[in-house]
Amino acid sequence: MNENDVVHEDEISLFDLWEKLRDGWRLVLGGTVLGAVCAGATLMVLPPKYEAVAVVQVGQVGQVVQVVQVGQVGQVGQPGQVVNVAVEPATQAVERMKAPAFQMKVAQAIGNQAWVEDLMRSTNATTKYISLQIVKATATPGSAPLIELNAKAETPELARKIADASIKELAKREGELAKPMIEKMRQDLAIARERLASAERELGSINKLVVNVGVKDDRFTQLSLMTDLRVQKESDVFRQRQAILALEAALSPPYTQPAEALEEIFVTDKPVSPKKFLLLALGLIGGLLAGVVSVFFADSWRRSKRERVAQAVF
């Protein structure tokens with residue numbers, strides 16, 4: 001037997017493959033049924049998961065622009081203009097919410113003991129209930145970084161609770177970060193009010209002096225100086241009033257506000273997982289492939305057994 005004969009014997013045609021599959025149809029059918037049964041059992045074991053979706057805006061703090069600086073982050077605008085600045089970048093807020101310590105607080109707040117135990121066992125549990133994605137992150141005035149929060153749980157109510165508790169915990173953490181900036185603005189506001197009161201008192205005194213000064217003698221020069229001083233004080237009063245209005249606006253919404261959902265939290269009324277049709281399709285395809293493989297394996301085993309018997313006879 002030469003080499004060409006050996007290669008010819010090892011070749012197999014598509015018709016031979018079809019014949020083998022037709023002879024082993026029971027194995028193919030059995031594998032397909034077994035795959036479907038396994039997929040159905042998996043669907044019965046896996047609990048359904050509902051999803052709550054919220055678009056979250058990170059906390060904002062109002063700021064009064066003092067000096068325009070080239071390349072200055074956050075404060076962009078004319079001096080005296082009120083702008084809002086994010087308490088922290090959206091990327092930092094996302095990492096904060098992914099942290100096990102943050103999610104432990106959320107789990108304890110809603111009383112989800114299973115989540116607490118998952119976090120205690122493994123840090124991989126941080127992605128089991130919450131997933132986050134940055135929708136938009138920009139430093140342009142008037143537009144805020146946004147985060148898409150997806151919370152999954154066994155019931156719609158629990159999914160909503162997880163999303164709501166996560167937003168409240170983020171607002172609490174960012175409130176602590178924003179506290180020094182807010183306190184500084186409140187101090188500036190108190191100082192501006194004191195300066196306004198002092199300037200108004202001085203302006204009142206100057207107005208009385210101007211009224212009592214005549215213009216028939218050499219006191220005209222004194223009157224001119226008092227008039228100039230009155231104009232300066234009136235300008236000072238105007239500036240302090242403008243500063244007070246700007247600081248009051250910066251401390252109030254929409255410039256200063258905690259992290260919050262832009263719209264009401266949306267919860268699906270049907271489970272988002274497990275995906276029944278996908279799982280059944282995978283089970284059927286996997287079972288079918290397993291049946292086909294078992295047919296060829298059985299055929300190979302029978303052939304090797306016949307060869308061993310033939311060798312034993314000769």
# chains A, B, ... in the order shown; residues from 1 in each chain; ligands from 1
>>> closest_atom_pairs(of="stretch 252-312 of chain A", to="stretch 151-172 of chain A", cutoff="7 Å", atoms="only C-alpha atoms", output="CSV")
residue,atom,partner,partner_atom,distance
A:Pro258,CA,A:Ala171,CA,5.3
A:Ala259,CA,A:Ala171,CA,4.6
A:Glu260,CA,A:Ile167,CA,6.2
A:Ile265,CA,A:Arg160,CA,7.0
A:Val267,CA,A:Pro156,CA,6.3
>>> write_last_selection(atoms="N, CA, C and O atoms", output="PDB file, in the first residue's frame")
ATOM      1  N   PRO A 258     -27.382  69.591  45.153  1.00  0.00           N
ATOM      2  CA  PRO A 258     -26.739  68.281  45.359  1.00  0.00           C
ATOM      3  C   PRO A 258     -26.901  67.387  44.143  1.00  0.00           C
ATOM      4  O   PRO A 258     -27.630  67.714  43.190  1.00  0.00           O
ATOM      5  N   ALA A 259     -26.212  66.257  44.173  1.00  0.00           N
ATOM      6  CA  ALA A 259     -26.379  65.252  43.119  1.00  0.00           C
ATOM      7  C   ALA A 259     -27.830  64.782  43.116  1.00  0.00           C
ATOM      8  O   ALA A 259     -28.421  64.536  44.177  1.00  0.00           O
ATOM      9  N   GLU A 260     -28.399  64.638  41.938  1.00  0.00           N
ATOM     10  CA  GLU A 260     -29.800  64.255  41.836  1.00  0.00           C
ATOM     11  C   GLU A 260     -30.078  63.642  40.475  1.00  0.00           C
ATOM     12  O   GLU A 260     -29.302  63.805  39.528  1.00  0.00           O
ATOM     13  N   ILE A 265     -36.824  58.087  38.459  1.00  0.00           N
ATOM     14  CA  ILE A 265     -36.172  56.803  38.209  1.00  0.00           C
ATOM     15  C   ILE A 265     -37.119  55.889  37.443  1.00  0.00           C
ATOM     16  O   ILE A 265     -38.272  55.693  37.844  1.00  0.00           O
ATOM     17  N   VAL A 267     -38.182  52.215  36.054  1.00  0.00           N
ATOM     18  CA  VAL A 267     -38.029  50.807  36.402  1.00  0.00           C
ATOM     19  C   VAL A 267     -38.794  49.973  35.380  1.00  0.00           C
ATOM     20  O   VAL A 267     -39.963  50.256  35.088  1.00  0.00           O
TER      21      VAL A 267
END
>>> residues_around(residues="A:Gly291", least_positions_apart="6", cutoff="9 Å", atoms="only C-alpha atoms", output="VMD selection string")
chain A and resid 24 to 32
>>> write_last_selection(atoms="C-alpha atoms", output="JSON list (two decimals), in the first residue's frame")
[["chain", "number", "residue", "atom", "x", "y", "z"],
["A", 24, "GLY", "CA", -26.60, 8.57, 14.94],
["A", 25, "TRP", "CA", -29.76, 10.69, 14.88],
["A", 26, "ARG", "CA", -30.68, 9.47, 18.33],
["A", 27, "LEU", "CA", -27.51, 10.99, 19.77],
["A", 28, "VAL", "CA", -28.12, 14.27, 17.92],
["A", 29, "LEU", "CA", -31.73, 14.44, 19.08],
["A", 30, "GLY", "CA", -30.77, 13.42, 22.60],
["A", 31, "GLY", "CA", -28.08, 16.12, 22.78],
["A", 32, "THR", "CA", -30.50, 18.76, 21.53]]
>>> select_by_dssp(residues="stretch 225-272 of chain A", states="strand (DSSP E)", output="list in words")
Glu260, Ala261, Phe266 and Val267 of chain A
>>> write_last_selection(atoms="C-alpha atoms", output="compact mmCIF listing (two decimals), in the first residue's frame")
# COMPACT_ATOMS: atom_id res chain seq x y z
CA GLU A 260 -29.80 64.26 41.84
CA ALA A 261 -31.65 62.35 39.13
CA PHE A 266 -37.44 54.46 35.50
CA VAL A 267 -38.03 50.81 36.40
>>> closest_residue(among="A:Ile147, A:Val116, A:Leu280, A:Leu247", to="A:Gln92", atoms="only C-alpha atoms")
A:Ile147
>>> select_by_dssp(residues="stretch 42-109 of chain A", states="alpha helix (DSSP H)", output="ChimeraX atom specification")
/A:42-45,90-98,100-109
>>> write_last_selection(atoms="C-alpha atoms", output="PDB file, in the first residue's frame")
ATOM      1  CA  THR A  42     -31.151  27.192  34.318  1.00  0.00           C
ATOM      2  CA  LEU A  43     -34.099  29.519  33.726  1.00  0.00           C
ATOM      3  CA  MET A  44     -35.899  27.978  36.680  1.00  0.00           C
ATOM      4  CA  VAL A  45     -32.867  28.318  38.958  1.00  0.00           C
ATOM      5  CA  ALA A  90     -18.016  62.608  36.559  1.00  0.00           C
ATOM      6  CA  THR A  91     -15.235  60.031  36.207  1.00  0.00           C
ATOM      7  CA  GLN A  92     -14.320  60.475  39.864  1.00  0.00           C
ATOM      8  CA  ALA A  93     -17.970  60.176  40.923  1.00  0.00           C
ATOM      9  CA  VAL A  94     -18.280  56.920  38.955  1.00  0.00           C
ATOM     10  CA  GLU A  95     -15.205  55.456  40.653  1.00  0.00           C
ATOM     11  CA  ARG A  96     -16.551  56.581  44.029  1.00  0.00           C
ATOM     12  CA  MET A  97     -19.857  54.779  43.419  1.00  0.00           C
ATOM     13  CA  LYS A  98     -18.035  51.630  42.319  1.00  0.00           C
ATOM     14  CA  PRO A 100     -17.019  48.629  47.917  1.00  0.00           C
ATOM     15  CA  ALA A 101     -17.242  51.054  50.867  1.00  0.00           C
ATOM     16  CA  PHE A 102     -19.768  53.217  48.995  1.00  0.00           C
ATOM     17  CA  GLN A 103     -21.897  50.250  47.974  1.00  0.00           C
ATOM     18  CA  MET A 104     -21.707  48.845  51.491  1.00  0.00           C
ATOM     19  CA  LYS A 105     -23.324  52.057  52.752  1.00  0.00           C
ATOM     20  CA  VAL A 106     -26.038  51.752  50.099  1.00  0.00           C
ATOM     21  CA  ALA A 107     -26.678  48.094  50.939  1.00  0.00           C
ATOM     22  CA  GLN A 108     -26.942  48.884  54.638  1.00  0.00           C
ATOM     23  CA  ALA A 109     -29.229  51.848  53.965  1.00  0.00           C
TER      24      ALA A 109
END
>>> residues_around(residues="A:Lys233", least_positions_apart="6", cutoff="10 Å", atoms="only C-alpha atoms", output="list in words")
Leu196, Ser198, Ala199, Glu200, Arg201, Glu202, Leu203, Gly204, Ile206, Thr227 and Arg239 of chain A
>>> atom_distance(atom1="atom CA of A:Val295", atom2="atom CA of A:Leu17")
10.1 Å
